[in-house]
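J.: If it helps, the file is called structure13.csv and holds CSV, C-alpha atoms and all ligand atoms:
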chain,number,residue,atom,x,y,z
S,1,MET,CA,5.2,-23.0,-14.7
S,2,THR,CA,6.1,-20.7,-17.6
S,3,GLU,CA,9.8,-20.0,-18.3
S,4,ALA,CA,11.3,-16.9,-19.8
S,5,ALA,CA,11.8,-17.1,-23.6
S,6,GLN,CA,15.3,-15.8,-23.5
S,7,PRO,CA,17.9,-14.9,-20.8
S,8,VAL,CA,17.6,-11.5,-19.4
S,9,ARG,CA,19.6,-9.4,-17.0
S,10,MET,CA,17.8,-9.2,-13.7
S,11,PHE,CA,19.0,-7.1,-10.7
S,12,ARG,CA,17.3,-8.2,-7.5
S,13,LYS,CA,19.7,-7.1,-4.9
S,14,GLY,CA,20.6,-3.6,-5.9
S,15,LEU,CA,23.3,-2.5,-8.3
S,16,SER,CA,26.2,-2.0,-5.9
S,17,LEU,CA,25.9,1.8,-5.9
S,18,LYS,CA,24.3,2.3,-2.6
S,19,HIS,CA,27.0,4.6,-1.3
S,20,GLU,CA,27.1,6.6,-4.5
S,21,VAL,CA,23.4,7.6,-4.3
S,22,ALA,CA,23.2,8.0,-0.5
S,23,ASP,CA,23.8,11.8,-0.5
S,24,GLU,CA,21.2,12.3,-3.2
S,25,LEU,CA,18.6,10.3,-1.3
S,26,THR,CA,19.4,12.2,1.9
S,27,ALA,CA,19.1,15.5,0.1
S,28,HIS,CA,15.7,14.5,-1.4
S,29,TYR,CA,14.0,12.6,1.4
S,30,HIS,CA,15.7,13.3,4.8
S,31,SER,CA,14.5,15.9,7.3
S,32,THR,CA,16.6,17.2,10.2
S,33,LEU,CA,13.5,18.6,11.7
S,34,VAL,CA,12.0,15.1,11.9
S,35,ASP,CA,15.3,13.9,13.5
S,36,GLU,CA,14.9,16.6,16.1
S,37,VAL,CA,11.3,15.6,16.9
S,38,ARG,CA,12.4,12.0,17.2
S,39,ALA,CA,15.3,12.9,19.5
S,40,ALA,CA,12.9,14.9,21.7
S,41,GLY,CA,10.7,11.9,22.4
S,42,TYR,CA,8.4,12.2,19.3
S,43,GLN,CA,7.0,15.5,20.4
S,44,ARG,CA,7.4,19.2,19.9
S,45,ARG,CA,5.8,22.3,21.3
S,46,MET,CA,5.2,25.0,18.7
S,47,GLY,CA,3.4,28.1,20.1
S,48,ARG,CA,-0.1,26.9,21.3
S,49,LEU,CA,0.3,23.7,19.4
S,50,GLN,CA,1.6,20.5,21.0
S,51,LEU,CA,2.6,18.0,18.4
S,52,TYR,CA,2.8,14.2,19.0
S,53,LEU,CA,4.4,12.1,16.3
S,54,ALA,CA,3.7,8.4,16.1
S,55,SER,CA,6.7,6.2,17.0
S,56,GLU,CA,6.5,4.4,13.6
S,57,PHE,CA,5.7,6.3,10.5
S,58,GLY,CA,6.7,7.0,6.9
S,59,PHE,CA,9.0,5.1,4.5
S,60,CYS,CA,8.9,1.3,5.2
S,61,TYR,CA,11.8,-0.9,4.4
S,62,GLY,CA,10.3,-2.0,1.1
S,63,VAL,CA,9.7,1.5,-0.1
S,64,ASP,CA,13.1,2.7,1.1
S,65,ARG,CA,14.7,-0.1,-0.9
S,66,ALA,CA,12.7,0.5,-4.0
S,67,VAL,CA,13.5,4.2,-4.2
S,68,ASP,CA,17.2,3.4,-3.4
S,69,TYR,CA,17.3,0.9,-6.3
S,70,ALA,CA,15.6,3.4,-8.7
S,71,TYR,CA,18.3,6.0,-7.9
S,72,GLN,CA,21.0,3.3,-8.3
S,73,THR,CA,19.5,2.3,-11.7
S,74,ARG,CA,19.7,5.9,-13.0
S,75,ARG,CA,23.3,6.1,-11.8
S,76,ARG,CA,24.3,2.7,-13.3
S,77,PHE,CA,22.7,3.3,-16.7
S,78,PRO,CA,23.1,7.0,-17.5
S,79,ASP,CA,22.8,6.5,-21.3
S,80,ARG,CA,20.0,4.0,-21.4
S,81,SER,CA,16.2,4.6,-21.4
S,82,ILE,CA,14.9,3.6,-18.0
S,83,TYR,CA,11.2,2.8,-17.3
S,84,LEU,CA,9.1,2.1,-14.4
S,85,THR,CA,6.1,-0.1,-15.0
S,86,GLY,CA,3.9,2.4,-13.1
S,87,GLU,CA,4.1,4.3,-9.9
S,88,ILE,CA,7.1,3.0,-7.9
S,89,ILE,CA,5.2,3.8,-4.7
S,90,HIS,CA,1.9,5.7,-4.0
S,91,ASN,CA,3.5,9.1,-3.5
S,92,PRO,CA,3.1,11.6,-6.3
S,93,ARG,CA,6.1,13.7,-5.2
S,94,VAL,CA,8.4,10.8,-5.2
S,95,ASN,CA,7.2,9.7,-8.6
S,96,ASP,CA,7.6,13.2,-10.0
S,97,ARG,CA,11.1,13.3,-8.7
S,98,LEU,CA,11.9,10.1,-10.6
S,99,ARG,CA,10.3,11.6,-13.7
S,100,ASP,CA,12.5,14.7,-13.3
S,101,ALA,CA,15.5,12.4,-13.2
S,102,GLY,CA,14.5,11.1,-16.6
S,103,ILE,CA,12.8,7.8,-15.6
S,104,ARG,CA,9.8,7.2,-17.8
S,105,PHE,CA,6.6,5.6,-16.6
S,106,LEU,CA,5.0,3.0,-18.8
S,107,SER,CA,1.6,3.9,-17.3
S,108,ASP,CA,1.9,7.5,-18.6
S,109,ALA,CA,0.0,8.6,-21.7
S,110,GLY,CA,2.0,8.1,-24.8
S,111,GLU,CA,4.2,5.3,-23.5
S,112,ASP,CA,4.0,1.9,-25.0
S,113,GLU,CA,5.1,-1.3,-23.3
S,114,LEU,CA,5.2,-3.1,-26.6
S,115,ALA,CA,7.8,-0.7,-28.0
S,116,LEU,CA,10.4,-1.6,-25.3
S,117,ARG,CA,13.8,-2.7,-26.8
S,118,PRO,CA,16.4,-5.1,-25.4
S,119,ASP,CA,18.7,-2.2,-24.3
S,120,ASP,CA,16.0,-0.6,-22.2
S,121,VAL,CA,16.0,-0.9,-18.5
S,122,VAL,CA,12.7,-1.5,-16.6
S,123,ILE,CA,12.3,-1.1,-12.9
S,124,LEU,CA,9.6,-3.3,-11.2
S,125,PRO,CA,7.9,-1.5,-8.3
S,126,ALA,CA,7.8,-2.5,-4.6
S,127,PHE,CA,4.3,-4.1,-5.0
S,128,GLY,CA,5.5,-6.2,-7.9
S,129,VAL,CA,4.0,-6.9,-11.3
S,130,THR,CA,1.8,-9.7,-12.7
S,131,VAL,CA,3.3,-12.9,-13.9
S,132,SER,CA,2.2,-12.1,-17.5
S,133,MET,CA,3.8,-8.7,-17.4
S,134,LEU,CA,7.1,-10.1,-16.1
S,135,LEU,CA,7.0,-12.7,-18.9
S,136,ARG,CA,6.4,-10.0,-21.6
S,137,LEU,CA,9.3,-7.9,-20.3
S,138,GLN,CA,11.6,-11.0,-20.2
S,139,GLN,CA,10.6,-11.9,-23.7
S,140,GLN,CA,11.5,-8.3,-24.9
S,141,GLY,CA,14.9,-8.9,-23.4
S,142,CYS,CA,15.0,-5.8,-21.3
S,143,THR,CA,17.3,-5.4,-18.3
S,144,LEU,CA,15.1,-5.7,-15.2
S,145,VAL,CA,15.6,-4.2,-11.8
S,146,ASP,CA,13.2,-5.9,-9.5
S,147,THR,CA,12.3,-4.0,-6.3
S,148,THR,CA,9.4,-6.2,-5.3
S,149,CYS,CA,9.3,-6.2,-1.5
S,150,GLY,CA,10.3,-9.4,0.3
S,151,SER,CA,7.0,-9.2,2.2
S,152,VAL,CA,5.0,-9.3,-1.0
S,153,LEU,CA,7.2,-12.2,-2.3
S,154,ASN,CA,6.3,-14.0,0.9
S,155,VAL,CA,2.6,-13.7,0.1
S,156,TRP,CA,3.2,-14.8,-3.5
S,157,LYS,CA,5.0,-18.0,-2.3
S,158,ASN,CA,2.0,-18.9,-0.1
S,159,VAL,CA,-0.5,-18.2,-2.9
S,160,ARG,CA,1.5,-20.4,-5.3
S,161,GLN,CA,1.4,-23.2,-2.7
S,162,TYR,CA,-2.3,-22.9,-2.4
S,163,ALA,CA,-2.7,-23.1,-6.1
S,164,ARG,CA,-0.3,-26.1,-6.3
S,165,ASP,CA,-2.4,-27.9,-3.6
S,166,GLY,CA,-5.7,-27.1,-5.2
S,167,PHE,CA,-6.8,-24.4,-2.8
S,168,THR,CA,-8.4,-21.1,-4.0
S,169,ALA,CA,-6.6,-18.1,-2.7
S,170,ILE,CA,-9.1,-15.7,-1.1
S,171,ILE,CA,-7.2,-12.4,-0.9
S,172,HIS,CA,-8.3,-9.6,1.4
S,173,GLY,CA,-7.4,-6.6,-0.7
S,174,LYS,CA,-8.5,-4.1,-3.3
S,175,ALA,CA,-9.2,-5.9,-6.6
S,176,ARG,CA,-7.6,-3.2,-8.7
S,177,HIS,CA,-4.6,-2.4,-6.4
S,178,GLU,CA,-1.3,-3.3,-8.3
S,179,GLU,CA,-0.1,-5.6,-5.5
S,180,THR,CA,-3.4,-7.5,-5.3
S,181,VAL,CA,-3.5,-7.9,-9.1
S,182,ALA,CA,0.0,-9.2,-9.0
S,183,THR,CA,-0.7,-11.5,-6.1
S,184,ALA,CA,-3.8,-13.0,-7.8
S,185,SER,CA,-1.8,-13.6,-10.9
S,186,GLN,CA,0.5,-15.9,-9.0
S,187,ALA,CA,-2.3,-18.4,-8.5
S,188,LEU,CA,-2.6,-18.7,-12.3
S,189,GLN,CA,0.8,-20.3,-12.6
S,190,TYR,CA,-0.9,-23.6,-11.9
S,191,PRO,CA,-3.6,-25.1,-14.1
S,192,ASP,CA,-6.1,-25.3,-11.3
S,193,GLY,CA,-5.1,-22.1,-9.6
S,194,ARG,CA,-7.9,-19.8,-8.6
S,195,SER,CA,-8.3,-16.5,-6.7
S,196,LEU,CA,-11.0,-14.3,-5.4
S,197,VAL,CA,-10.5,-10.8,-3.9
S,198,VAL,CA,-12.7,-9.6,-1.0
S,199,VAL,CA,-12.4,-6.0,0.1
S,200,ASP,CA,-14.3,-6.0,3.3
S,201,ARG,CA,-16.6,-7.9,5.7
S,202,ALA,CA,-19.7,-7.3,3.7
S,203,GLU,CA,-18.2,-9.0,0.6
S,204,THR,CA,-16.8,-11.8,2.9
S,205,GLY,CA,-20.3,-12.3,4.2
S,206,ILE,CA,-21.5,-13.0,0.7
S,207,VAL,CA,-18.7,-15.5,0.2
S,208,CYS,CA,-19.5,-17.1,3.6
S,209,ASP,CA,-23.2,-17.4,2.6
S,210,TYR,CA,-22.2,-19.2,-0.6
S,211,ILE,CA,-19.9,-21.6,1.3
S,212,ARG,CA,-22.7,-22.5,3.7
S,213,ARG,CA,-25.7,-22.6,1.5
S,214,GLY,CA,-24.6,-22.4,-2.2
S,215,GLY,CA,-26.7,-20.3,-4.4
S,216,ASP,CA,-26.9,-18.7,-7.8
S,217,ALA,CA,-23.4,-19.0,-9.3
S,218,SER,CA,-24.0,-16.4,-12.0
S,219,ALA,CA,-25.3,-13.9,-9.5
S,220,PHE,CA,-22.2,-14.5,-7.4
S,221,LEU,CA,-19.9,-14.0,-10.4
S,222,SER,CA,-21.6,-10.8,-11.4
S,223,ARG,CA,-21.2,-9.5,-7.8
S,224,PHE,CA,-17.5,-10.4,-7.9
S,225,ALA,CA,-16.9,-9.3,-11.5
S,226,GLY,CA,-13.2,-8.2,-11.8
S,227,ALA,CA,-12.4,-9.8,-8.4
S,228,ALA,CA,-12.5,-13.5,-9.4
S,229,SER,CA,-9.9,-15.3,-11.6
S,230,PRO,CA,-10.9,-16.4,-15.1
S,231,GLY,CA,-13.2,-19.5,-15.2
S,232,PHE,CA,-14.0,-19.1,-11.5
S,233,ASP,CA,-16.9,-21.3,-10.4
S,234,PRO,CA,-18.1,-20.7,-6.8
S,235,ARG,CA,-19.7,-24.2,-6.8
S,236,ARG,CA,-16.3,-25.8,-7.3
S,237,ASP,CA,-13.8,-23.1,-6.2
S,238,LEU,CA,-15.1,-22.4,-2.7
S,239,GLN,CA,-14.5,-25.9,-1.4
S,240,ARG,CA,-10.9,-25.5,-0.5
S,241,ILE,CA,-9.8,-22.1,0.5
S,242,GLY,CA,-6.5,-20.5,1.5
S,243,LEU,CA,-6.4,-17.0,2.9
S,244,ALA,CA,-4.0,-14.2,1.9
S,245,ASN,CA,-3.9,-10.4,2.2
S,246,GLN,CA,-2.8,-7.4,0.4
S,247,THR,CA,0.1,-6.5,2.8
S,248,THR,CA,-1.2,-3.0,3.6
S,249,MET,CA,-4.7,-3.8,4.8
S,250,LEU,CA,-6.1,-3.1,8.2
S,251,MET,CA,-4.8,-5.9,10.4
S,252,SER,CA,-8.0,-6.1,12.6
S,253,GLU,CA,-10.2,-6.4,9.5
S,254,SER,CA,-8.0,-9.1,7.9
S,255,LEU,CA,-8.2,-11.1,11.1
S,256,ALA,CA,-12.0,-10.7,11.3
S,257,ILE,CA,-12.3,-11.7,7.6
S,258,GLY,CA,-10.2,-14.8,8.2
S,259,GLU,CA,-12.3,-15.7,11.2
S,260,MET,CA,-15.6,-15.3,9.2
S,261,ILE,CA,-14.3,-17.7,6.5
S,262,ARG,CA,-13.0,-20.2,9.0
S,263,GLU,CA,-16.3,-20.3,10.7
S,264,ALA,CA,-18.2,-20.8,7.4
S,265,MET,CA,-15.8,-23.6,6.5
S,266,ILE,CA,-16.4,-25.3,9.9
S,267,ASP,CA,-20.2,-25.0,9.4
S,268,ARG,CA,-19.8,-26.5,5.9
S,269,TYR,CA,-17.2,-29.2,6.5
S,270,GLY,CA,-16.7,-29.6,10.3
S,271,ASP,CA,-13.8,-29.0,12.5
S,272,GLY,CA,-10.5,-30.8,13.0
S,273,ALA,CA,-8.9,-32.8,10.2
S,274,GLU,CA,-11.7,-32.0,7.8
S,275,LEU,CA,-11.1,-28.3,8.3
S,276,ASP,CA,-7.4,-28.8,7.5
S,277,ARG,CA,-8.4,-30.4,4.2
S,278,HIS,CA,-10.5,-27.4,3.3
S,279,TYR,CA,-9.0,-24.3,4.9
S,280,ARG,CA,-5.6,-22.7,5.3
S,281,ALA,CA,-4.5,-19.3,6.5
S,282,PHE,CA,-1.3,-17.4,7.3
S,283,ASP,CA,-0.6,-13.8,8.3
S,284,THR,CA,0.5,-11.7,5.4
S,285,ILE,CA,0.2,-8.2,6.8
S,286,CYS,CA,3.8,-6.9,6.6
S,287,SER,CA,5.5,-5.9,9.8
S,288,ALA,CA,6.0,-2.3,8.6
S,289,THR,CA,2.2,-1.9,8.1
S,290,GLN,CA,1.4,-3.5,11.4
S,291,ASP,CA,4.0,-1.4,13.2
S,292,ARG,CA,2.4,1.8,11.8
S,293,GLN,CA,-1.1,0.7,12.8
S,294,ASP,CA,0.1,-0.3,16.3
S,295,ALA,CA,1.9,3.0,16.7
S,296,ILE,CA,-1.2,5.1,15.9
S,297,GLU,CA,-3.3,3.0,18.3
S,298,VAL,CA,-0.7,3.7,21.1
S,299,LEU,CA,-0.6,7.4,20.2
S,300,LEU,CA,-4.4,7.6,20.3
S,301,SER,CA,-4.5,5.8,23.7
S,302,ASP,CA,-1.6,7.6,25.4
S,303,ARG,CA,-2.4,11.2,24.3
S,304,ASP,CA,-5.5,13.3,24.6
S,305,LEU,CA,-5.5,14.5,20.9
S,306,ASP,CA,-7.7,17.2,19.5
S,307,LEU,CA,-7.1,16.1,16.0
S,308,MET,CA,-4.9,13.8,13.9
S,309,ILE,CA,-3.1,14.5,10.6
S,310,VAL,CA,-2.1,11.6,8.4
S,311,ILE,CA,0.2,12.3,5.5
S,312,GLY,CA,0.3,10.2,2.3
S,313,GLY,CA,-0.9,9.8,-1.3
S,314,TYR,CA,-4.6,9.6,-1.7
S,315,ASN,CA,-4.2,6.3,-3.5
S,316,SER,CA,-2.0,4.8,-0.7
S,317,SER,CA,-3.8,1.9,0.9
S,318,ASN,CA,-1.8,1.8,4.1
S,319,THR,CA,-2.2,5.6,4.5
S,320,ARG,CA,-6.0,5.3,4.1
S,321,ASN,CA,-6.0,2.6,6.7
S,322,LEU,CA,-4.0,4.7,9.2
S,323,ALA,CA,-6.5,7.5,8.6
S,324,ARG,CA,-9.5,5.1,9.2
S,325,LEU,CA,-8.0,4.0,12.5
S,326,ALA,CA,-7.5,7.5,13.7
S,327,GLY,CA,-10.8,8.7,12.3
S,328,LYS,CA,-12.7,6.3,14.7
S,329,ARG,CA,-11.3,8.3,17.6
S,330,VAL,CA,-10.6,11.9,16.7
S,331,PRO,CA,-11.2,14.4,13.9
S,332,THR,CA,-8.7,13.2,11.2
S,333,TYR,CA,-7.3,14.8,8.1
S,334,HIS,CA,-5.6,12.7,5.4
S,335,ILE,CA,-3.5,15.2,3.5
S,336,ALA,CA,-1.1,14.6,0.6
S,337,ASP,CA,1.4,17.2,1.7
S,338,ALA,CA,2.0,20.4,3.6
S,339,ASN,CA,0.3,22.5,0.9
S,340,ASP,CA,-3.0,21.0,1.9
S,341,LEU,CA,-2.8,22.9,5.2
S,342,VAL,CA,-4.0,25.9,3.4
S,343,SER,CA,-4.5,28.2,6.4
S,344,ARG,CA,-5.5,28.1,10.0
S,345,ARG,CA,-9.1,28.1,8.8
S,346,GLU,CA,-8.9,25.7,5.8
S,347,VAL,CA,-7.5,22.3,5.1
S,348,ARG,CA,-7.7,20.2,1.9
S,349,HIS,CA,-8.0,16.5,2.6
S,350,ARG,CA,-9.3,13.1,1.5
S,351,PRO,CA,-12.4,12.3,3.6
S,352,VAL,CA,-11.5,9.4,5.9
S,353,HIS,CA,-14.8,7.5,5.4
S,354,ASP,CA,-15.1,8.0,1.7
S,355,ASP,CA,-14.6,4.5,0.4
S,356,ARG,CA,-14.6,5.3,-3.3
S,357,SER,CA,-11.4,4.8,-5.2
S,358,ALA,CA,-8.8,7.6,-5.2
S,359,ALA,CA,-9.7,8.3,-8.8
S,360,THR,CA,-13.4,9.0,-8.0
S,361,ALA,CA,-13.3,10.2,-4.4
S,362,ALA,CA,-13.7,13.9,-4.1
S,363,GLU,CA,-11.1,15.9,-2.2
S,364,ALA,CA,-12.8,17.9,0.6
S,365,ARG,CA,-12.1,21.3,1.9
S,366,SER,CA,-12.9,21.7,5.6
S,367,ARG,CA,-13.1,24.9,7.6
S,368,ASP,CA,-12.0,25.6,11.2
S,369,TRP,CA,-9.9,22.4,11.4
S,370,LEU,CA,-7.5,23.9,13.9
S,371,PRO,CA,-9.5,24.5,17.1
S,372,ASP,CA,-9.3,27.9,18.8
S,373,LEU,CA,-8.0,26.5,22.1
S,374,PRO,CA,-5.2,27.8,24.2
S,375,LEU,CA,-3.4,24.5,23.7
S,376,VAL,CA,-4.1,22.2,20.7
S,377,SER,CA,-2.8,18.6,20.8
S,378,VAL,CA,-2.1,17.4,17.2
S,379,GLY,CA,-1.2,13.8,16.4
S,380,LEU,CA,0.9,13.1,13.3
S,381,THR,CA,1.7,10.1,11.3
S,382,ALA,CA,2.5,9.2,7.7
S,383,GLY,CA,2.0,6.2,5.4
S,384,ALA,CA,4.7,3.9,4.2
S,385,SER,CA,5.3,5.8,1.0
S,386,THR,CA,5.8,9.2,2.6
S,387,PRO,CA,9.4,10.4,3.1
S,388,ASP,CA,10.6,12.2,6.2
S,389,SER,CA,11.1,15.3,4.1
S,390,ALA,CA,7.3,15.5,3.5
S,391,VAL,CA,6.7,14.9,7.3
S,392,GLY,CA,9.2,17.7,8.1
S,393,GLN,CA,7.4,20.1,5.8
S,394,VAL,CA,4.1,19.4,7.5
S,395,ILE,CA,5.6,20.0,10.9
S,396,ASP,CA,7.1,23.2,9.6
S,397,ARG,CA,3.8,24.3,8.3
S,398,LEU,CA,1.9,23.4,11.5
S,399,GLY,CA,4.5,25.5,13.4
S,400,ALA,CA,3.9,28.5,11.1
S,401,LEU,CA,0.1,28.2,11.4
S,402,ALA,CA,0.2,27.8,15.2
S,403,GLY,CA,2.1,31.0,15.4
S,404,GLN,CA,-0.1,33.0,13.0
S,405,PRO,CA,-2.3,35.7,14.4
S,406,GLU,CA,-6.0,35.2,14.0
S,407,PRO,CA,-7.0,36.3,10.4
S,408,ALA,CA,-9.6,39.0,10.1
S,409,GLN,CA,-13.0,37.5,9.3
Q,501,LIG,S1,4.2,-1.7,3.0
Q,501,LIG,FE1,5.1,-3.7,3.6
Q,501,LIG,S2,4.9,-5.0,1.8
Q,501,LIG,FE2,4.6,-2.9,1.1
Q,501,LIG,S3,6.6,-2.2,0.4
Q,501,LIG,FE3,6.4,-1.6,2.6
Q,501,LIG,S4,7.3,-3.2,3.8
Q,501,LIG,FE4,6.9,-4.0,1.7
Can you give me the file's structure in the form of structure tokens?
Ligand code: SF4
T.:
Amino acid sequence: MTEAAQPVRMFRKGLSLKHEVADELTAHYHSTLVDEVRAAGYQRRMGRLQLYLASEFGFCYGVDRAVDYAYQTRRRFPDRSIYLTGEIIHNPRVNDRLRDAGIRFLSDAGEDELALRPDDVVILPAFGVTVSMLLRLQQQGCTLVDTTCGSVLNVWKNVRQYARDGFTAIIHGKARHEETVATASQALQYPDGRSLVVVDRAETGIVCDYIRRGGDASAFLSRFAGAASPGFDPRRDLQRIGLANQTTMLMSESLAIGEMIREAMIDRYGDGAELDRHYRAFDTICSATQDRQDAIEVLLSDRDLDLMIVIGGYNSSNTRNLARLAGKRVPTYHIADANDLVSRREVRHRPVHDDRSAATAAEARSRDWLPDLPLVSVGLTAGASTPDSAVGQVIDRLGALAGQPEPAQ
């Protein structure tokens, strides 16, 4: 494994300023309205609107910690240039607040990672960075504040073990998502480490076909361009497989993908001891993601909802998955914030079933999203990168719209 070229200062457990930044964090991200809804059993009546809030929603422990560390970093180093490698979490408002606080983003136009100097401070985001980027930052001698979530580190540990033992890590995730890119890079710390990213069952089906019957290696590689590690050869690298996930994927889909690959390996190599020699798996969906997915299922089962609103960045994987779960059962609107509830008649949202990336998917505008019923039941949840303050603003906005007189047509 590669070692750092020179010693660097690395903060991994905060900067001992938690209490000093607590009031600022509360002012920016807390909501007394959300506290009230929680205290009232996760529901609130507002005019003709009955609101039901999921019992688990919003900031997860990893995001909470990452934002806290970023504020502590600003407080600890008021005179030094502070950078984030990219978005700290997938929430544009939170990222903009950090920009307003003077923290620069290496991913922004005009910034240059190679121009960093030893007295600069760099914050690593909750979903981590690649092994090569960490090495570069260490070589530049920067002070590093590592906010990589413990649940992501757990995945990395398993992927490294796969690589060490000669297993290819098949990662259920999005090949370009920062966390998945970083996870895949962990396999490369070993000479024979390999990885392959599959995004859904359809792609997994192609991999399973290859495991069972082999096929045209170059066609396989062009199908998985950008998703396979350098030098990947499906003839060699699909013989021993270990499963991993991006932590924010849909649990049910990850389980189904695991089962598909396990069955293909049984067909190819047999069951029992032989399977153990060729196949490994462990659950790497983080508990926060699972809790939010479970809570939305409970909400959808327990309440007769007319519609569901899911709040979160359009590029937030876990928010997208919450919206997909809800969208199977009721009309669902994935909005970025309260401003997207334009009026009683109009909502801006990211279509739930548009699987293009956030950069290419078109934002939709839908009419008549709030039904003209005497009582409308609205379910509400938020992704792991959405603070309570944003949830409170949406509740406030819903209350205002529910009380609005019918606009003239
Ligand atoms: S979603 Fe899970 S893995 Fe990602 S930061 Fe939150 S707790 Fe950590």
J.: Ranking S:Tyr279, S:Phe224, S:Phe11, S:Trp156 by minimum distance to S:Ile241 and counting all atoms listed in the file, which one comes first?
T.: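 When distances to S:Ile241 are compared using all atoms listed in the file, the smallest one comes from S:Tyr279.
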J.: If you take only C-alpha atoms and all ligand atoms and a cut-off of 6 Å, which residues of chain S touch ligand LIG 501 (chain Q), and what are their nearest atom pairs and distances in Å to one decimal, in chain and number order, as a Markdown table?
T.:
| residue | atom | partner | partner_atom | distance |
| --- | --- | --- | --- | --- |
| S:Cys60 | CA | Q:LIG501 | FE3 | 4.6 |
| S:Tyr61 | CA | Q:LIG501 | S4 | 5.1 |
| S:Gly62 | CA | Q:LIG501 | S3 | 3.8 |
| S:Val63 | CA | Q:LIG501 | S3 | 4.9 |
| S:Ala126 | CA | Q:LIG501 | S3 | 5.2 |
| S:Cys149 | CA | Q:LIG501 | FE4 | 4.6 |
| S:Ser151 | CA | Q:LIG501 | S2 | 4.7 |
| S:Val152 | CA | Q:LIG501 | S2 | 5.1 |
| S:Thr247 | CA | Q:LIG501 | S2 | 5.1 |
| S:Thr248 | CA | Q:LIG501 | S1 | 5.6 |
| S:Cys286 | CA | Q:LIG501 | FE1 | 4.6 |
| S:Ala288 | CA | Q:LIG501 | S4 | 5.1 |
| S:Thr289 | CA | Q:LIG501 | S1 | 5.5 |
| S:Ala384 | CA | Q:LIG501 | S1 | 5.7 |
J.: Mind giving me the straight-line distance from atom CA of S:Asn95 to atom CA of S:Gly58 in Å, one decimal?
T.: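 These two atoms are separated by 15.7 Å.
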J.: Report as a ChimeraX atom specification all protein, DNA and RNA residues lying within 12 Å of S:Arg194, evaluated on all atoms listed in the file, omitting residues in the same chain fewer than 3 positions from it.
T.: /S:159-171,183-191,197,227-234,236-243
J.: Could you name the residues that touch S:Val122 at 6 Å or less, counting all atoms listed in the file, but leaving out those on the same chain fewer than 2 positions away, as a PDB file with C-alpha atoms, in the coordinates of the input?
T.:
ATOM      1  CA  ILE S  82      14.900   3.600 -18.000  1.00  0.00           C
ATOM      2  CA  TYR S  83      11.200   2.800 -17.300  1.00  0.00           C
ATOM      3  CA  LEU S  84       9.100   2.100 -14.400  1.00  0.00           C
ATOM      4  CA  LEU S 144      15.100  -5.700 -15.200  1.00  0.00           C
TER       5      LEU S 144
END
J.: How many Å separate atom CA of S:Ala364 from atom CA of S:Asp388?
T.: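 About the pair atom CA of S:Ala364 and atom CA of S:Asp388: they are 24.7 Å apart.
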J.: Of the residues S:Pro371, S:Gly258, S:Gly150, S:Pro92, which is the one nearest to S:Gly128, using only C-alpha atoms?
T.: S:Gly150
J.: Using atom CA of S:Ile395 and atom CA of S:Met46 as the two end points, give the distance in Å to one decimal.
T.: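 Taking atom CA of S:Ile395 and atom CA of S:Met46, their separation equals 9.3 Å.
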J.: Quick one: contact table of stretch 44-102 of chain S to stretch 321-327 of chain S, 12 Å max, nearest atom pair and distance in Å to one decimal per residue, counting all atoms listed in the file, chain and number order, as JSON lines?
T.:
{"residue": "S:Ala54", "atom": "CA", "partner": "S:Leu322", "partner_atom": "CA", "distance": 11.0}
{"residue": "S:Glu56", "atom": "CA", "partner": "S:Leu322", "partner_atom": "CA", "distance": 11.4}
{"residue": "S:Phe57", "atom": "CA", "partner": "S:Leu322", "partner_atom": "CA", "distance": 9.9}
{"residue": "S:Gly58", "atom": "CA", "partner": "S:Leu322", "partner_atom": "CA", "distance": 11.2}
J.: For S:Arg104, please output as a ChimeraX atom specification all residues within 12 Å (counting all atoms listed in the file; exclusion window: fewer than 6 positions along the same chain).
T.: /S:70,74,80-88,95-98,110-113,116,120-123
